[in-house]
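Pasting my_file.cif here (mmCIF, C-alpha atoms):
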```cif
data_target
#
loop_
_atom_site.label_atom_id
_atom_site.label_comp_id
_atom_site.auth_asym_id
_atom_site.auth_seq_id
_atom_site.Cartn_x
_atom_site.Cartn_y
_atom_site.Cartn_z
CA MET I 29 7.30 13.75 -13.11
CA ASN I 30 8.22 14.18 -9.45
CA THR I 31 9.08 11.07 -7.45
CA VAL I 32 7.95 12.62 -4.13
CA ASP I 33 5.05 15.01 -3.49
CA ASP I 34 5.07 17.94 -1.04
CA GLY I 35 3.75 15.67 1.74
CA GLY I 36 6.75 13.35 1.43
CA PHE I 37 4.88 10.48 -0.25
CA THR I 38 6.23 8.64 -3.29
CA ALA I 39 4.40 9.29 -6.55
CA CYS I 40 2.62 6.28 -8.05
CA LYS I 41 4.68 4.96 -10.96
CA LYS I 42 1.62 3.32 -12.55
CA CYS I 43 -0.74 6.29 -12.92
CA GLY I 44 1.43 9.28 -12.02
CA ASP I 45 -1.60 11.06 -10.52
CA GLY I 46 -1.72 9.51 -7.04
CA VAL I 47 0.81 8.92 -4.29
CA LEU I 48 1.60 5.66 -2.49
CA LEU I 49 0.09 5.72 1.01
CA PRO I 50 1.57 3.42 3.68
CA MET I 51 -0.80 1.00 5.42
CA SER I 52 -0.10 -0.84 8.67
CA ASP I 53 -1.59 -3.97 10.23
CA TYR I 54 -1.23 -6.28 13.20
CA GLY I 55 0.41 -9.71 13.19
CA ARG I 56 -1.00 -12.96 14.58
CA ASP I 57 0.30 -12.19 18.08
CA GLY I 58 -0.93 -8.59 18.00
CA ALA I 59 2.45 -7.04 17.18
CA PRO I 60 2.19 -4.00 14.89
CA ILE I 61 3.44 -4.40 11.32
CA ARG I 62 4.33 -0.98 9.97
CA TYR I 63 4.14 -0.45 6.23
CA LYS I 64 2.63 -3.84 5.41
CA ALA I 65 1.17 -2.36 2.23
CA TRP I 66 1.42 0.72 0.04
CA VAL I 67 -1.72 1.78 -1.86
CA CYS I 68 -2.17 4.43 -4.56
CA SER I 69 -4.35 7.34 -3.41
CA ASN I 70 -5.99 7.55 -6.85
CA PRO I 71 -9.13 5.34 -6.62
CA ASP I 72 -9.17 4.86 -10.41
CA CYS I 73 -5.65 3.38 -10.32
CA GLY I 74 -5.79 0.83 -7.50
CA PHE I 75 -2.06 -0.02 -7.61
CA ASN I 76 -0.80 -1.65 -4.41
CA ILE I 77 2.22 -3.45 -2.99
CA ARG I 78 1.84 -5.88 -0.05
CA ILE I 79 4.04 -8.01 2.15
CA ASP I 80 2.40 -11.32 3.16
CA ASN I 81 4.39 -13.91 5.09
CA GLY I 82 7.63 -12.41 3.78
CA GLU I 83 6.48 -12.48 0.16
CA ILE I 84 6.06 -9.25 -1.82
CA THR I 85 3.02 -9.07 -4.09
CA PHE I 86 1.70 -6.22 -6.19
CA GLY I 87 -1.34 -5.44 -8.26
CA ARG I 88 -3.78 -7.68 -6.41
CA SER I 89 -7.30 -6.33 -6.38
CA ILE I 90 -8.15 -4.51 -3.20
CA GLY I 91 -11.48 -4.12 -1.50
CA GLN I 92 -13.34 -3.46 1.71
CA SER I 93 -12.43 -5.66 4.68
CA TYR I 94 -15.37 -6.85 6.74
CA LYS I 95 -13.33 -8.11 9.73
#
```
Would you mind writing the structure in this file as structure tokens?
Amino acid sequence: MNTVDDGGFTACKKCGDGVLLPMSDYGRDGAPIRYKAWVCSNPDCGFNIRIDNGEITFGRSIGQSYK
């Protein structure tokens, strides 16, 4: 199994079919936070890694944001 696909993304270690896509956000003061989360591109997998207030979490369920 490759660890990086042709686009330069890391292969998902959970499912092996998707790649981890970087997600960015904005902080409380509007400063950009690059790579706040990484989400598997395979919708059936749903694996994700997040950084919240300096704490790393993974595997939390993800869904649509209505903000």
Residues within 12 Å of segment 72-74 of chain I, all atoms listed in the file, excluding chain neighbours under 2 positions, as a ChimeraX atom specification:
/I:40-49,66-70,76-77,86-91
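Of the listed residues (I:Ser52, I:Gly58, I:Ala65, I:Pro71), I:Ala65 comes nearest to Glu83 of chain I; the distances count only C-alpha atoms.
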Just the number, please: distance in Å from atom CA of Gly36 of chain I to atom CA of Arg62 of chain I, one decimal.
16.9 Å
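The interatomic distance for the pair atom CA of Asp80 of chain I and atom CA of Met51 of chain I works out to 12.9 Å.
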How big is the axis-aligned box around the listed atoms of segment 55-68 of chain I once 5 Å is added on each side, and where is its centre? Give both in Å to one decimal, as AutoDock Vina command-line options.
```
--center_x 1.1 --center_y -4.3 --center_z 6.8 --size_x 16.5 --size_y 27.4 --size_z 32.6
```
To one decimal place in Å, what is the distance between atom CA of Ile61 of chain I and atom CA of Thr38 of chain I?
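Distance between the two atoms: 19.8 Å.
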Name every residue that the PyMOL selection byres ((chain I and resi 81) around 12) selects in this structure, writing the answer as an mmCIF file with C-alpha atoms, in the coordinates of the input with chains first and numbers rising.
```cif
data_model
loop_
_atom_site.group_PDB
_atom_site.id
_atom_site.type_symbol
_atom_site.label_atom_id
_atom_site.label_comp_id
_atom_site.auth_asym_id
_atom_site.auth_seq_id
_atom_site.Cartn_x
_atom_site.Cartn_y
_atom_site.Cartn_z
ATOM 1 C CA GLY I 55 0.410 -9.710 13.190
ATOM 2 C CA ARG I 56 -1.000 -12.960 14.580
ATOM 3 C CA ILE I 61 3.440 -4.400 11.320
ATOM 4 C CA LYS I 64 2.630 -3.840 5.410
ATOM 5 C CA ARG I 78 1.840 -5.880 -0.050
ATOM 6 C CA ILE I 79 4.040 -8.010 2.150
ATOM 7 C CA ASP I 80 2.400 -11.320 3.160
ATOM 8 C CA GLY I 82 7.630 -12.410 3.780
ATOM 9 C CA GLU I 83 6.480 -12.480 0.160
ATOM 10 C CA ILE I 84 6.060 -9.250 -1.820
ATOM 11 C CA THR I 85 3.020 -9.070 -4.090
#
```
